[in-house]
Amino acid sequence: MNPGKFSRLITFLILIFFYIPIAVVVLFSFNASKSPVWVGFSLLWYKELFTNSYSIWKAFWNSIIVAISASFVATALGAFGAIGLYWGKFKGKDYIWIISYLPLIIPDIIIGVSLLIFFVFIKLRLSLFTIFIAHVTFSLPYALMIVFSRLQDFEYSIIEAAYDLGATEEIALFKVIIPISFPGILAAFFMSLTLSIDDFVITFFVAGPGSTTLPLKIYSMIRFGISPTINAISTLMLAGTIVISVFMRKYLKYIF
Amino acid sequence: MLGSNVEIKNISKFFGDFQALDNVSLQVKKGEFFSLLGPSGCGKTTLLRIIAGLEQPDSGDVLFDNKSVINIPANKREVNTIFQNYALFPHLTVFENVAFSLRLKKISETEIKERVEKLLYLVRLEEHKNKKPSQLSGGQRQRVAIARALANEPKVLLLDEPVSALDAKLRQELLVELDNLHDQVGITFIYVTHDQAEAISVSDHVAVMNNGKIIQTGTPYEIYESPANNFVATFIGETNLMKAEVRETNEEFVRVFAKGIGEFECYKDKEVKKGDKILLTLRPEKIKISSKPLEGLNSFHGIVEEEIYMGYQTKYFVKLDEGYILKIYKQHVNYLLDEKIIHWKDEVFVSWNPNDSFIIEVEEN
Amino acid sequence: MKYVSGYTLWLVIFFVIPLIIILSFSFLEKTPYGGVNFSFSLEGYKSLLTIGYLKVFWRTVWISIISTLITVLLALPAAYYIAKSKFKNLLLILVVIPFWTNSLIRIYAWIFVLGNNGIINQFLRFIGLIDSHIQFLYNPWAVILVLVYTYLPYAIIPLYASIERLDNSIFEAALDLGCSKRKAFFKVLIPNIKTGLITSIIFVLIPAMGSYAIPDLVGGVNSKMIGNEIARQLTTAKNWPAASAISSVLTLITLLGVILFVRNSKKEVLN
């Protein structure tokens with residue numbers, strides 16, 4: 001059945017709706033004036049961003065540090081978790097699935113608030129480290145599910161075949177299980193990176209003084225009102241997103 | 001390579017409340033092609049997995065060459081398996097799949113290369129050695145699985161429905177190949193299948209299983225020609241089952257009366273006496289169909305109810321005067337030169353040698 | 001089991017225990033500068049029963065439901081069109097790009113367009129149509145607009161995935177049996193993509209219920225949602241039991257909602 005005119009119209013309206021605001025933001029990042037009236041082309045705001053915005057770059061590097069370290073830990077723990085759930089026969093699997101699904105259906109703000117109260121309660125000073133813990137926590141279930149979904153493409157007999165051919169548990173793990181789940185592990189890593197770089201709400205609660213990440217910085221800049229520097233950051237981040245999206249396309253099927 | 005003889009002693013296995021295997025015992029001789037045949041859920045795959053060491057029985061023992069292997073884990077047993085879905089490693093090339101077990105041993109690279117290439121030659125995959133499993137056809141994948149399982153030089157090769165995923169024509173070809181391969185390597189093959197034609201055509205011995213028990217063990221000829229009971233008779237090939245009552249007996253034959261057919265003679269396969277209720281089997285290809293009655297045979301009159309032309313043979317369903325519908329397969333030796341070609345609605349006589357109908361079950365009076 | 005232990009331990013320590021802590025703190029007494037006294041009190045919950053809070057709860061629920069409805073109604077035809085389109089890979093990428101784009105940037109884009117100093121107001125001022133500005137933002141409808149904008153890709157993607165998996169011949173069978181296109185859509189498509197539909201509703205409704213940044217940045221005083229109230233209790237009011245109590249109630253509402261919703265939809269599928 002071919003889709004009708006109606007669904008085509010809706011789709012194109014949605015795409016226009018998606019891209020008009022973004023396009024306007026990108027266009028005005030090249031505006032020569034501070035106010036949003038087009039005066040002429042200029043790279044003024046990029047120059048400003050690259051030469052005169054120490055705090056933005058500090059926030060950027062904070063985001064990168066947290067994203068990479070949290071994604072490594074989340075991917076490693078999540079991948080081993082998925083392998084264990086796929087491979088092992090043990091009681092309590094259902095409970096592990098429940099605590100894996102819960103973070104996905106509980107609003108982000110609750111995770112942020114509960115972690116903040118938890119950190120204060122155990123007297124852990126808020127810093128990049130607490131942000132790192134929070135980011136690992138919310139990325140973990142995604143990492144687990146992505147790797148698990150990859151493993152489900154294979155029948156369990158592949159592990160039995162490895163044993164049958166003389167492999168020990170370690171050999172089956174390193175020569176068979178990890179290599180076959182590798183695309184899933186990679187997808188999980190990139191998913192965690194994106195989630196971490198994107199997160200605002202949870203980070204907002206668990207960040208301490210001096211541990212501002214890029215979304216927190218953008219948030220405080222937006223509160224001061226519109227500024228072409230934000231347009232310039234947005235344009236650069238958008239460019240990064242497009243590159244990552246195109247790259248991630250191959251792995252999308254493990255994410256949904 | 002040399003095979004082992006395999007002995008299964010009193011194996012039982014439960015999955016929760018379900019008894020998959022019920023005190024199963026059997027013996028497989030060294031170098032034999034042995035089939036485990038039965039419908040799905042009969043326990044044949046569980047038995048195979050217990051021999052492989054992938055499953056532990058609740059009780060009983062598995063012996064290779066009279067030594068118990070029950071405490072040897074799967075990765076140390078001298079047995080390899082060809083899995084139903086082949087379970088090839090998708091990230092490795094054909095060569096590396098076959099080399100997998102060799103690389104786990106301390107074997108030099110040149111010897112690995114030599115042995116893998118020999119195996120790939122054996123299964124005719126030399127040209128595909130650098131391909132990944134996803135680039136191969138179903139039949140090629142199966143051959144990789146065979147080469148991989150043989151690489152370790154096992155004494156016993158277990159095959160779990162290895163051709164069931166392939167289409168009918170390829171299935172026949174690969175079956176012949178497996179048979180040839182068995183002759184070449186000379187090790188013990190234990191073959192699990194639900195397809196009676198496969199089991200009969202390649203095996204030295206067949207064990208027919210149902211509901212976790214072995215019903216009958218024997219050569220394909222014995223299983224087909226003298227099935228032990230109703231289940232084996234109907235599971236292996238097709239047959240006419242008849243309920244009858246014993247009227248008279250002598251040394252070799254029994255005179256019986258079957259409702260829907262009448263009185264006739266059959267072979268005295270089991271000890272019976274007058275008045276016993278029995279179950280008889282008669283294979284459809286053993287029955288002759290003709291327009292005149294035949295001398296010296298059991299012969300009855302009937303009408304052709306249905307006629308199915310199959311090319312190499314015709315299947316007839318003949319309704320006897322007393323009501324029983326008999327299945328008859330007529331082989332076309334010289335179809336067009338037959339005295340009269342029999343068609344639908346024709347009046348016919350069906351005849352068979354008393355030797356060909358025999359008793360499979362007896363209910364004593 | 002050993003492979004799962006790191007994962008499980010982490011989630012128990014940093015997810016389950018903090019949840020238990022806020023649930024227990026919601027029943028304790030507050031101290032003036034944040035923190036709690038370890039004595040039982042229902043003050044945290046009592047403060048929720050004021051008119052002001054009930055209003056915020058009610059607003060959160062209706063804003064979330066309307067945003068979800070609009071989002072899913074838009075997502076359904078779009079997902080269907082993309083799944084059947086010749087250019088589905090390109091269209092999918094076009095949907096995924098906003099999905100991966102930083103959510104603050106997407107909020108900023110609307111402030112930049114519709115804000116009091118945004119381009120529309122600047123333009124209207126420039127051509128002399130108005131003197132100061134028209135206030136497009138800082139009301140519940142602005143919140144709904146940005147919620148729909150933010151979560152539309154979240155709704156399209158699971159719907160797309162479940163439509164794409166469907167065998168096209170079931171539509172041909174429906175048309176062959178004399179079904180109209182419109183009927184085939186409701187009688188054949190919808191029942192068969194139930195899981196995708198449930199997923200996309202959950203993907204939109206839950207973040208909407210817990211939204212903080214969107215009402216904070218584009219909502220006015222009369223469009224604050226529960227998320228903003230939790231943050232205010234925690235940071236400015238320093239009332240931990242109240243913040244914990246609101247959080248517990250919000251968690252309970254979403255969990256119950258999801259469980260009831262999923263269970264009911266399953267029943268319908270079975271019937």
# chains A, B, ... in the order shown; residues from 1 in each chain; ligands from 1
>>> residues_around(residues="Glu78 of chain B", least_positions_apart="3", cutoff="12 Å", atoms="only C-alpha atoms", output="ChimeraX atom specification")
/A:163-166 /B:1-6,51-53,63-65,69,72-75,81,101,149-158,187-188
>>> select_by_dssp(residues="segment 117-288 of chain B", states="helix (DSSP H, G or I)", output="ChimeraX atom specification")
/B:117-122,126-128,133-135,138-151,168-185,196-202,220-225,230-235,284-286
>>> residues_around(residues="Ile178 of chain A", least_positions_apart="2", cutoff="12 Å", atoms="only C-alpha atoms", output="JSON, numbers by chain")
{"A": [76, 79, 80, 82, 83, 84, 87, 147, 148, 150, 151, 159, 170, 171, 172, 173, 174, 175, 176, 180, 181, 182, 183, 184, 185, 186], "B": [89, 91]}
>>> residues_around(residues="Ile253 of chain C", least_positions_apart="2", cutoff="12 Å", atoms="only C-alpha atoms", output="ChimeraX atom specification")
/A:105-107 /C:57,60-61,205-206,209-210,226,246-251,255-261
>>> closest_residue(among="C:Tyr108, C:Val148, C:Lys46, C:Ala173", to="Thr229 of chain A", atoms="only C-alpha atoms")
C:Tyr108
>>> closest_residue(among="C:Glu229, C:Glu43, C:Asp167, C:Glu172", to="chain A", atoms="only C-alpha atoms")
C:Glu172
>>> residues_around(residues="Gly212 of chain B", least_positions_apart="2", cutoff="8 Å", atoms="only C-alpha atoms", output="PyMOL selection string")
chain B and resi 19-22+24+42-44+209-210+214
>>> residues_around(residues="segment 203-212 of chain A", least_positions_apart="5", cutoff="9 Å", atoms="only C-alpha atoms", output="PyMOL selection string")
(chain A and resi 55+58-60+62-63+109+112-113+115-116+119+125-131+134-135+217) or (chain C and resi 231)
>>> residues_around(residues="Leu152 of chain C", least_positions_apart="4", cutoff="9 Å", atoms="only C-alpha atoms", output="PyMOL selection string")
(chain A and resi 14) or (chain C and resi 68+71-72+74-75+95+99+147-148+156-157+204)
>>> write_last_selection(atoms="C-alpha atoms", output="PDB file, in the first residue's frame")
ATOM      1  CA  ILE A  14       7.426  17.982  10.198  1.00  0.00           C
TER       2      ILE A  14
ATOM      3  CA  THR C  68       2.021  13.397  23.817  1.00  0.00           C
ATOM      4  CA  THR C  71       3.400  14.257  19.046  1.00  0.00           C
ATOM      5  CA  VAL C  72       2.078  10.752  18.427  1.00  0.00           C
ATOM      6  CA  LEU C  74       2.057  13.720  13.964  1.00  0.00           C
ATOM      7  CA  ALA C  75       4.543  10.879  14.297  1.00  0.00           C
ATOM      8  CA  VAL C  95      14.740  12.621  11.681  1.00  0.00           C
ATOM      9  CA  PHE C  99      17.235  13.465  17.844  1.00  0.00           C
ATOM     10  CA  LEU C 147       7.923  19.614  24.036  1.00  0.00           C
ATOM     11  CA  VAL C 148       6.454  18.423  20.739  1.00  0.00           C
ATOM     12  CA  ILE C 156       8.809   8.688  15.090  1.00  0.00           C
ATOM     13  CA  ILE C 157      11.719   6.272  15.467  1.00  0.00           C
ATOM     14  CA  VAL C 204       7.209  11.138  25.056  1.00  0.00           C
TER      15      VAL C 204
END
>>> closest_residue(among="C:Thr254, C:Thr195, C:Asn139, C:Ser169", to="Asn222 of chain C", atoms="only C-alpha atoms")
C:Asn139
>>> atom_distance(atom1="atom CA of Leu76 of chain C", atom2="atom CA of Leu166 of chain C")
14.4 Å
>>> closest_residue(among="A:Val66, A:Val120, A:Ala167, A:Leu49", to="chain B", atoms="only C-alpha atoms")
A:Ala167
>>> closest_residue(among="C:Ile82, C:Ile51, C:Ile201, C:Ile63", to="chain A", atoms="only C-alpha atoms")
C:Ile82
>>> decode(residues="segment 5-47 of chain C", atoms="N, CA and C atoms", output="compact mmCIF listing (two decimals), in the first residue's frame")
# COMPACT_ATOMS: atom_id res chain seq x y z
N SER C 5 27.83 -8.95 37.72
CA SER C 5 27.91 -8.39 39.07
C SER C 5 28.30 -6.91 39.09
N GLY C 6 29.26 -6.50 38.25
CA GLY C 6 29.67 -5.10 38.23
C GLY C 6 28.52 -4.20 37.87
N TYR C 7 27.82 -4.60 36.81
CA TYR C 7 26.67 -3.85 36.31
C TYR C 7 25.60 -3.73 37.39
N THR C 8 25.27 -4.88 37.98
CA THR C 8 24.19 -4.91 38.97
C THR C 8 24.56 -4.07 40.20
N LEU C 9 25.81 -4.26 40.66
CA LEU C 9 26.26 -3.55 41.84
C LEU C 9 26.17 -2.03 41.61
N TRP C 10 26.62 -1.58 40.45
CA TRP C 10 26.61 -0.15 40.15
C TRP C 10 25.18 0.39 40.19
N LEU C 11 24.27 -0.32 39.53
CA LEU C 11 22.88 0.17 39.49
C LEU C 11 22.24 0.13 40.87
N VAL C 12 22.58 -0.88 41.67
CA VAL C 12 22.00 -0.95 43.00
C VAL C 12 22.49 0.23 43.84
N ILE C 13 23.82 0.48 43.81
CA ILE C 13 24.37 1.55 44.64
C ILE C 13 23.92 2.93 44.16
N PHE C 14 24.00 3.16 42.86
CA PHE C 14 23.78 4.54 42.38
C PHE C 14 22.40 4.78 41.80
N PHE C 15 21.56 3.76 41.79
CA PHE C 15 20.21 4.00 41.31
C PHE C 15 19.16 3.54 42.33
N VAL C 16 19.25 2.27 42.75
CA VAL C 16 18.22 1.74 43.65
C VAL C 16 18.32 2.39 45.03
N ILE C 17 19.53 2.42 45.60
CA ILE C 17 19.68 3.00 46.94
C ILE C 17 19.29 4.48 46.97
N PRO C 18 19.74 5.32 46.04
CA PRO C 18 19.27 6.71 46.05
C PRO C 18 17.75 6.83 45.99
N LEU C 19 17.09 5.93 45.21
CA LEU C 19 15.62 5.97 45.14
C LEU C 19 15.03 5.64 46.51
N ILE C 20 15.61 4.64 47.16
CA ILE C 20 15.12 4.27 48.50
C ILE C 20 15.34 5.44 49.47
N ILE C 21 16.51 6.10 49.32
CA ILE C 21 16.79 7.23 50.20
C ILE C 21 15.76 8.34 50.03
N ILE C 22 15.43 8.72 48.79
CA ILE C 22 14.46 9.82 48.69
C ILE C 22 13.10 9.39 49.17
N LEU C 23 12.76 8.10 48.95
CA LEU C 23 11.47 7.64 49.46
C LEU C 23 11.44 7.75 50.99
N SER C 24 12.55 7.36 51.65
CA SER C 24 12.53 7.44 53.13
C SER C 24 12.62 8.88 53.60
N PHE C 25 13.41 9.73 52.91
CA PHE C 25 13.51 11.13 53.32
C PHE C 25 12.17 11.85 53.23
N SER C 26 11.30 11.37 52.34
CA SER C 26 10.02 12.06 52.18
C SER C 26 9.17 11.91 53.45
N PHE C 27 9.53 10.96 54.32
CA PHE C 27 8.78 10.77 55.56
C PHE C 27 9.52 11.34 56.78
N LEU C 28 10.53 12.18 56.55
CA LEU C 28 11.30 12.71 57.67
C LEU C 28 11.04 14.21 57.84
N GLU C 29 11.61 14.75 58.96
CA GLU C 29 11.45 16.17 59.24
C GLU C 29 12.53 16.97 58.54
N LYS C 30 12.20 18.19 58.13
CA LYS C 30 13.22 18.99 57.46
C LYS C 30 14.07 19.75 58.47
N THR C 31 15.28 20.10 58.05
CA THR C 31 16.10 21.03 58.84
C THR C 31 16.21 22.31 58.01
N PRO C 32 16.46 23.45 58.65
CA PRO C 32 16.34 24.74 57.95
C PRO C 32 17.28 24.91 56.76
N TYR C 33 18.47 24.31 56.80
CA TYR C 33 19.42 24.58 55.69
C TYR C 33 19.66 23.35 54.83
N GLY C 34 18.62 22.63 54.50
CA GLY C 34 18.76 21.39 53.75
C GLY C 34 19.03 20.27 54.72
N GLY C 35 18.95 19.04 54.23
CA GLY C 35 19.16 17.90 55.09
C GLY C 35 17.90 17.53 55.84
N VAL C 36 17.98 16.49 56.67
CA VAL C 36 16.80 15.99 57.37
C VAL C 36 17.13 15.64 58.80
N ASN C 37 16.09 15.70 59.65
CA ASN C 37 16.16 15.12 61.00
C ASN C 37 15.57 13.73 60.92
N PHE C 38 16.19 12.78 61.62
CA PHE C 38 15.69 11.42 61.51
C PHE C 38 14.52 11.16 62.44
N SER C 39 13.43 11.93 62.24
CA SER C 39 12.21 11.59 62.95
C SER C 39 11.06 11.67 61.96
N PHE C 40 10.08 10.77 62.18
CA PHE C 40 9.00 10.60 61.23
C PHE C 40 8.11 11.85 61.13
N SER C 41 7.74 12.19 59.91
CA SER C 41 6.87 13.34 59.72
C SER C 41 6.19 13.22 58.37
N LEU C 42 4.95 13.70 58.32
CA LEU C 42 4.26 13.68 57.03
C LEU C 42 4.19 15.08 56.44
N GLU C 43 4.98 16.02 57.02
CA GLU C 43 4.94 17.42 56.55
C GLU C 43 5.21 17.53 55.06
N GLY C 44 6.20 16.73 54.60
CA GLY C 44 6.57 16.76 53.18
C GLY C 44 5.37 16.52 52.29
N TYR C 45 4.54 15.52 52.68
CA TYR C 45 3.36 15.21 51.87
C TYR C 45 2.24 16.20 52.08
N LYS C 46 2.12 16.69 53.35
CA LYS C 46 1.04 17.64 53.63
C LYS C 46 1.15 18.88 52.75
N SER C 47 2.41 19.35 52.56
CA SER C 47 2.57 20.57 51.77
C SER C 47 2.13 20.36 50.33
